[in-house]
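Asker: What follows is target04.txt, compact mmCIF, C-alpha atoms.
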# COMPACT_ATOMS: atom_id res chain seq x y z
CA MET A 1 -30.61 0.70 6.75
CA LYS A 2 -29.22 0.81 3.18
CA PHE A 3 -30.43 3.11 0.44
CA CYS A 4 -30.45 2.80 -3.34
CA PRO A 5 -27.85 5.06 -4.99
CA ASN A 6 -30.17 5.34 -8.01
CA CYS A 7 -33.35 6.61 -6.33
CA ALA A 8 -32.58 6.90 -2.59
CA SER A 9 -35.27 4.34 -1.65
CA THR A 10 -34.57 1.65 0.93
CA LEU A 11 -32.94 -1.63 0.01
CA SER A 12 -34.28 -4.98 1.20
CA LEU A 13 -32.40 -8.23 1.41
CA LYS A 14 -34.20 -10.83 -0.74
CA ILE A 15 -33.64 -13.40 -3.46
CA PRO A 16 -34.33 -11.79 -6.84
CA ALA A 17 -36.08 -13.72 -9.62
CA ASP A 18 -33.63 -15.90 -11.59
CA ASP A 19 -31.13 -15.88 -8.71
CA SER A 20 -30.31 -18.21 -5.86
CA ARG A 21 -28.74 -15.86 -3.31
CA GLU A 22 -30.01 -13.02 -1.17
CA ARG A 23 -29.14 -9.62 -2.63
CA PHE A 24 -29.94 -6.02 -1.75
CA VAL A 25 -32.87 -5.01 -3.96
CA CYS A 26 -34.37 -1.53 -4.18
CA ASP A 27 -37.93 -1.46 -2.86
CA SER A 28 -38.86 1.25 -5.38
CA CYS A 29 -36.95 0.84 -8.67
CA GLY A 30 -36.12 -2.87 -8.32
CA SER A 31 -32.38 -2.42 -8.97
CA ILE A 32 -30.23 -5.26 -7.65
CA HIS A 33 -27.13 -4.08 -5.78
CA TYR A 34 -24.48 -6.79 -5.90
CA GLN A 35 -21.70 -6.93 -3.35
CA ASN A 36 -18.58 -8.63 -4.60
CA PRO A 37 -15.17 -9.31 -3.07
CA ARG A 38 -12.37 -6.81 -3.54
CA ASN A 39 -9.11 -7.84 -5.17
CA VAL A 40 -5.90 -7.06 -3.30
CA VAL A 41 -2.95 -7.26 -5.70
CA GLY A 42 0.71 -7.23 -4.81
CA SER A 43 4.14 -8.55 -5.57
CA ILE A 44 7.03 -10.47 -4.09
CA PRO A 45 9.81 -8.07 -5.16
CA VAL A 46 13.13 -9.89 -5.25
CA TYR A 47 16.60 -8.41 -5.57
CA GLY A 48 19.29 -11.07 -5.58
CA GLU A 49 18.53 -13.33 -2.61
CA GLN A 50 16.46 -10.71 -0.77
CA VAL A 51 12.76 -9.81 -0.67
CA LEU A 52 11.52 -6.24 -0.33
CA LEU A 53 9.03 -5.57 2.48
CA CYS A 54 7.19 -2.42 3.55
CA ARG A 55 6.38 -1.36 7.10
CA ARG A 56 2.81 -0.04 7.05
CA ALA A 57 2.12 3.63 7.79
CA ILE A 58 -1.65 3.12 7.64
CA ALA A 59 -4.36 1.08 9.32
CA PRO A 60 -5.04 -1.73 9.52
CA ARG A 61 -1.89 -3.15 11.08
CA HIS A 62 0.02 0.14 11.28
CA GLY A 63 3.71 -0.51 11.95
CA TYR A 64 3.67 -4.12 10.77
CA TRP A 65 5.56 -5.49 7.75
CA THR A 66 3.93 -6.56 4.49
CA LEU A 67 4.60 -7.24 0.86
CA PRO A 68 3.70 -4.22 -1.27
CA ALA A 69 0.03 -4.66 -2.15
CA GLY A 70 -3.27 -2.85 -2.30
CA PHE A 71 -6.68 -2.74 -3.90
CA MET A 72 -6.89 -3.22 -7.64
CA GLU A 73 -8.26 -0.19 -9.50
CA LEU A 74 -10.86 -0.21 -12.24
CA GLY A 75 -9.32 -0.31 -15.71
CA GLU A 76 -6.15 -2.16 -14.76
CA SER A 77 -5.11 -5.79 -14.89
CA THR A 78 -4.15 -7.62 -11.71
CA SER A 79 -0.45 -7.62 -12.69
CA ALA A 80 -0.53 -3.91 -13.61
CA GLY A 81 -2.15 -3.19 -10.24
CA ALA A 82 0.52 -5.20 -8.43
CA GLN A 83 3.25 -3.30 -10.29
CA ARG A 84 1.60 0.04 -9.48
CA GLU A 85 1.23 -0.85 -5.78
CA THR A 86 4.90 -1.93 -5.64
CA PHE A 87 5.98 1.45 -6.97
CA GLU A 88 3.53 3.45 -4.81
CA GLU A 89 4.37 1.71 -1.54
CA ALA A 90 8.03 0.84 -2.06
CA GLY A 91 9.29 3.12 -4.83
CA ALA A 92 10.63 0.01 -6.54
CA HIS A 93 10.74 -0.61 -10.26
CA VAL A 94 10.00 -4.27 -10.95
CA GLN A 95 9.71 -6.60 -13.87
CA MET A 96 6.54 -8.55 -13.27
CA GLY A 97 6.64 -12.32 -13.34
CA PRO A 98 3.84 -14.87 -13.16
CA LEU A 99 1.04 -15.04 -10.62
CA TYR A 100 2.44 -16.89 -7.61
CA SER A 101 -0.28 -17.08 -4.96
CA LEU A 102 -4.02 -16.57 -4.76
CA LEU A 103 -5.56 -16.52 -1.29
CA ASN A 104 -9.29 -16.29 -0.64
CA VAL A 105 -10.21 -14.28 2.45
CA PRO A 106 -14.02 -14.67 2.53
CA HIS A 107 -14.51 -13.18 6.00
CA ALA A 108 -12.82 -9.95 4.81
CA GLU A 109 -14.62 -10.07 1.43
CA GLN A 110 -11.23 -10.10 -0.34
CA VAL A 111 -9.09 -12.13 -2.72
CA HIS A 112 -5.30 -11.58 -2.44
CA LEU A 113 -3.11 -12.15 -5.52
CA PHE A 114 0.70 -11.97 -5.34
CA TYR A 115 3.00 -11.97 -8.38
CA LEU A 116 6.66 -12.86 -8.55
CA ALA A 117 8.62 -9.72 -9.42
CA SER A 118 12.27 -8.95 -10.06
CA MET A 119 13.60 -5.58 -8.98
CA THR A 120 15.33 -3.94 -11.94
CA ASP A 121 17.71 -2.05 -9.64
CA PRO A 122 18.42 -1.83 -5.89
CA HIS A 123 16.76 1.58 -5.50
CA PHE A 124 13.57 1.90 -3.45
CA SER A 125 11.98 4.36 -1.05
CA ALA A 126 9.01 4.46 1.30
CA GLY A 127 5.82 5.74 -0.27
CA GLU A 128 3.06 7.56 1.61
CA GLU A 129 1.60 4.31 2.94
CA SER A 130 4.95 2.97 4.21
CA LEU A 131 6.99 3.97 7.26
CA GLU A 132 10.05 2.26 5.83
CA VAL A 133 11.02 -0.23 3.15
CA ALA A 134 13.83 -2.78 3.42
CA LEU A 135 15.36 -5.81 1.73
CA PHE A 136 15.46 -9.01 3.81
CA HIS A 137 17.19 -12.34 3.48
CA GLU A 138 14.94 -15.22 4.55
CA HIS A 139 16.53 -15.50 8.01
CA GLU A 140 15.97 -11.74 8.57
CA ILE A 141 12.23 -11.70 7.83
CA PRO A 142 10.38 -10.23 10.86
CA TRP A 143 7.99 -13.20 11.00
CA ASN A 144 6.37 -12.07 14.27
CA GLU A 145 5.78 -8.59 12.87
CA LEU A 146 4.02 -9.49 9.61
CA ALA A 147 0.74 -7.69 9.05
CA PHE A 148 -1.43 -10.34 7.42
CA PRO A 149 -1.73 -14.15 7.22
CA THR A 150 -1.81 -13.92 3.40
CA VAL A 151 1.63 -12.29 3.42
CA LYS A 152 3.00 -14.85 5.87
CA GLN A 153 1.63 -17.76 3.81
CA THR A 154 2.96 -16.33 0.54
CA LEU A 155 6.43 -15.80 1.99
CA GLU A 156 6.49 -19.31 3.50
CA TRP A 157 5.54 -20.82 0.14
CA PHE A 158 8.04 -18.61 -1.71
CA PHE A 159 11.05 -19.48 0.44
CA ALA A 160 10.15 -23.20 0.45
CA ASP A 161 9.76 -23.25 -3.34
CA ARG A 162 12.95 -21.28 -3.86
CA ALA A 163 14.91 -23.66 -1.60
CA ALA A 164 13.47 -26.66 -3.47
CA GLY A 165 14.53 -25.16 -6.82
CA VAL A 166 10.94 -24.83 -8.02
CA LEU A 167 11.41 -21.18 -8.98
CA GLN A 168 14.48 -21.72 -11.19
CA PRO A 169 14.07 -20.33 -14.74
CA GLY A 170 12.55 -22.93 -17.04
CA ASN A 171 10.83 -24.83 -14.23
CA GLU A 172 7.08 -24.99 -14.31
CA PHE A 173 5.16 -24.36 -11.10
CA HIS A 174 1.53 -24.15 -10.11
CA VAL A 175 -0.06 -21.12 -8.51
CA ARG A 176 -0.30 -21.59 -4.76
CA SER A 177 -3.84 -21.16 -3.47
CA ARG A 178 -5.95 -21.71 -0.38
CA ASP A 179 -8.61 -20.14 1.79
CA VAL A 180 -7.50 -18.07 4.79
CA LEU A 181 -9.69 -18.63 7.82
CA ARG A 182 -10.93 -15.99 10.23
CA SER A 183 -9.11 -17.87 13.03
CA GLU A 184 -5.76 -17.18 11.32
CA LYS A 185 -5.96 -13.45 12.05
CA ILE A 186 -2.62 -12.17 13.28
CA GLU A 187 -2.98 -10.33 16.58
Take the structure I supplied and represent it as structure tokens, if you would.

Answerer:
Amino acid sequence: MKFCPNCASTLSLKIPADDSRERFVCDSCGSIHYQNPRNVVGSIPVYGEQVLLCRRAIAPRHGYWTLPAGFMELGESTSAGAQRETFEEAGAHVQMGPLYSLLNVPHAEQVHLFYLASMTDPHFSAGEESLEVALFHEHEIPWNELAFPTVKQTLEWFFADRAAGVLQPGNEFHVRSRDVLRSEKIE
């Protein structure tokens, strides 16, 4: 049972007037309580030919490797959030580039956005949410130890585009995007 944060009355699932979807509506005060997806923002931090990855110190997927990313905070842009998460998780200072990938994860109620980022120097350190942080060449990526399908997909696109010359300065590219299915969960 869910309760209204405004008046503590129970919430019912129904279609409000002037809407087309079921929403939680307070039985007493009539407030509509929308539930929207959360934005996960991160970066693809590059230093030379290497990409910086973090080994997670938190659930879910403790001990698995990921790009530095986390939930966007109120009052920040998606790129500012990605830059903040890169510093918090990897201690890396980056110059943010353009949005590179946008992956919809409806079953997790999330949208993942990854930005290209250039490390301004080779210094980095594990933050509180990382066991370790390391630079990897493409052939060194621990593909079987990646935490999330969104990270795997983003890295696959990145290395393919880089090899094809798509990411060279002055070249125009389109943001990579697709839906991630529940069946793609990494075990």

Asker: Using only C-alpha atoms for the distances, tell me which of A:Phe114, A:Phe173, A:Tyr34, A:Phe159 is nearest to A:Leu102.

Answerer: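 The closest residue to A:Leu102 is A:Phe114.
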
Asker: Hey, could you pull the box centre and edge lengths for stretch 142-150 of chain A, axis-aligned, 4 Å padding per side, all listed atoms, to one decimal in Å, as lines of an AutoDock Vina configuration file?

Answerer:
center_x = 4.3
center_y = -10.9
center_z = 8.8
size_x = 20.2
size_y = 14.5
size_z = 18.9

Asker: Scan for residues within 7 Å of the point (-28.0, -5.7, -3.2) in the coordinates of the file, using only C-alpha atoms, and reply as a PyMOL selection string.

Answerer: chain A and resi 13+23-25+32-35

Asker: Which residue is closest to A:Val41? Choose from A:Ser77, A:Asn6, A:Asn171, A:Ser177 and count all atoms listed in the file.

Answerer: A:Ser77

Asker: If you take all atoms listed in the file and a cut-off of 12 Å, which residues of stretch 75-109 of chain A touch stretch 129-139 of chain A, and what are their nearest atom pairs and distances in Å to one decimal, in chain and number order, as JSON lines?

Answerer:
{"residue": "A:Glu85", "atom": "CA", "partner": "A:Glu129", "partner_atom": "CA", "distance": 10.1}
{"residue": "A:Thr86", "atom": "CA", "partner": "A:Val133", "partner_atom": "CA", "distance": 10.8}
{"residue": "A:Phe87", "atom": "CA", "partner": "A:Glu129", "partner_atom": "CA", "distance": 11.2}
{"residue": "A:Glu88", "atom": "CA", "partner": "A:Glu129", "partner_atom": "CA", "distance": 8.0}
{"residue": "A:Glu89", "atom": "CA", "partner": "A:Glu129", "partner_atom": "CA", "distance": 5.9}
{"residue": "A:Ala90", "atom": "CA", "partner": "A:Val133", "partner_atom": "CA", "distance": 6.1}
{"residue": "A:Gly91", "atom": "CA", "partner": "A:Val133", "partner_atom": "CA", "distance": 8.8}
{"residue": "A:Ala92", "atom": "CA", "partner": "A:Val133", "partner_atom": "CA", "distance": 9.7}

Asker: Name the residues in contact with A:Pro98 at a cut-off of 8 Å, using all atoms listed in the file, excluding same-chain residues fewer than 3 positions from it; report them as an MDAnalysis selection string.

Answerer: chainID A and resid 115:117

Asker: Can those selected residues be exported to a file as a short mmCIF file (atom, residue, chain, number, x, y, z; two decimals), keeping the file's coordinate frame so that it contains C-alpha atoms?

Answerer:
data_model
loop_
_atom_site.label_atom_id
_atom_site.label_comp_id
_atom_site.auth_asym_id
_atom_site.auth_seq_id
_atom_site.Cartn_x
_atom_site.Cartn_y
_atom_site.Cartn_z
CA TYR A 115 3.00 -11.97 -8.38
CA LEU A 116 6.66 -12.86 -8.55
CA ALA A 117 8.62 -9.72 -9.42
#

Asker: Any idea what's packed within 8 Å of stretch 42-47 of chain A, counting all atoms listed in the file, ignoring anything in its chain fewer than 4 positions away? Could you give it as an NGL selection string?

Answerer: :A and (51-52 or 67-70 or 79 or 81-83 or 85-86 or 94 or 112-122 or 135)

Asker: Can you tell me, as a ChimeraX atom specification, what residues are no more than 6 Å from A:Asp27 when counting all atoms listed in the file, ignoring any on the same chain fewer than 2 positions away?

Answerer: /A:10-11,30

Asker: I'd like the interatomic distance between atom CA of A:Lys152 and atom CA of A:His107, to a tenth of an Å.

Answerer: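 So the answer is 17.6 Å.
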
Asker: How many Å separate atom CA of A:Asn104 from atom CA of A:Asp179?

Answerer: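 Those two atoms sit 4.6 Å apart.
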
Asker: Which distance in Å separates atom CA of A:Leu103 and atom CA of A:Asp161, to one decimal?

Answerer: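 Atom CA of A:Asp161 lies at a distance of 16.9 Å from atom CA of A:Leu103.
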
Asker: Choose the residue, out of A:Gly97, A:Lys14, A:Ala80, A:Arg38, that has the smallest atom-to-atom separation from A:Leu167; count all atoms listed in the file.

Answerer: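 Distance minimum relative to A:Leu167 lands on A:Gly97.
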
Asker: Which polymer residues have any atom within 7 Å of an atom of A:Trp65, counting only C-alpha atoms, with same-chain residues fewer than 3 positions away left out, as a list in words?

Answerer: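 My list of contacting residues is Leu53, Cys54, Arg55, Arg56, Glu145, Leu146 and Ala147 of chain A.
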
Asker: Would you mind listing what lies within 8 Å of A:Val175 as number ranges by chain, with only C-alpha atoms counted and same-chain residues fewer than 6 positions away left out?

Answerer: A: 99-102
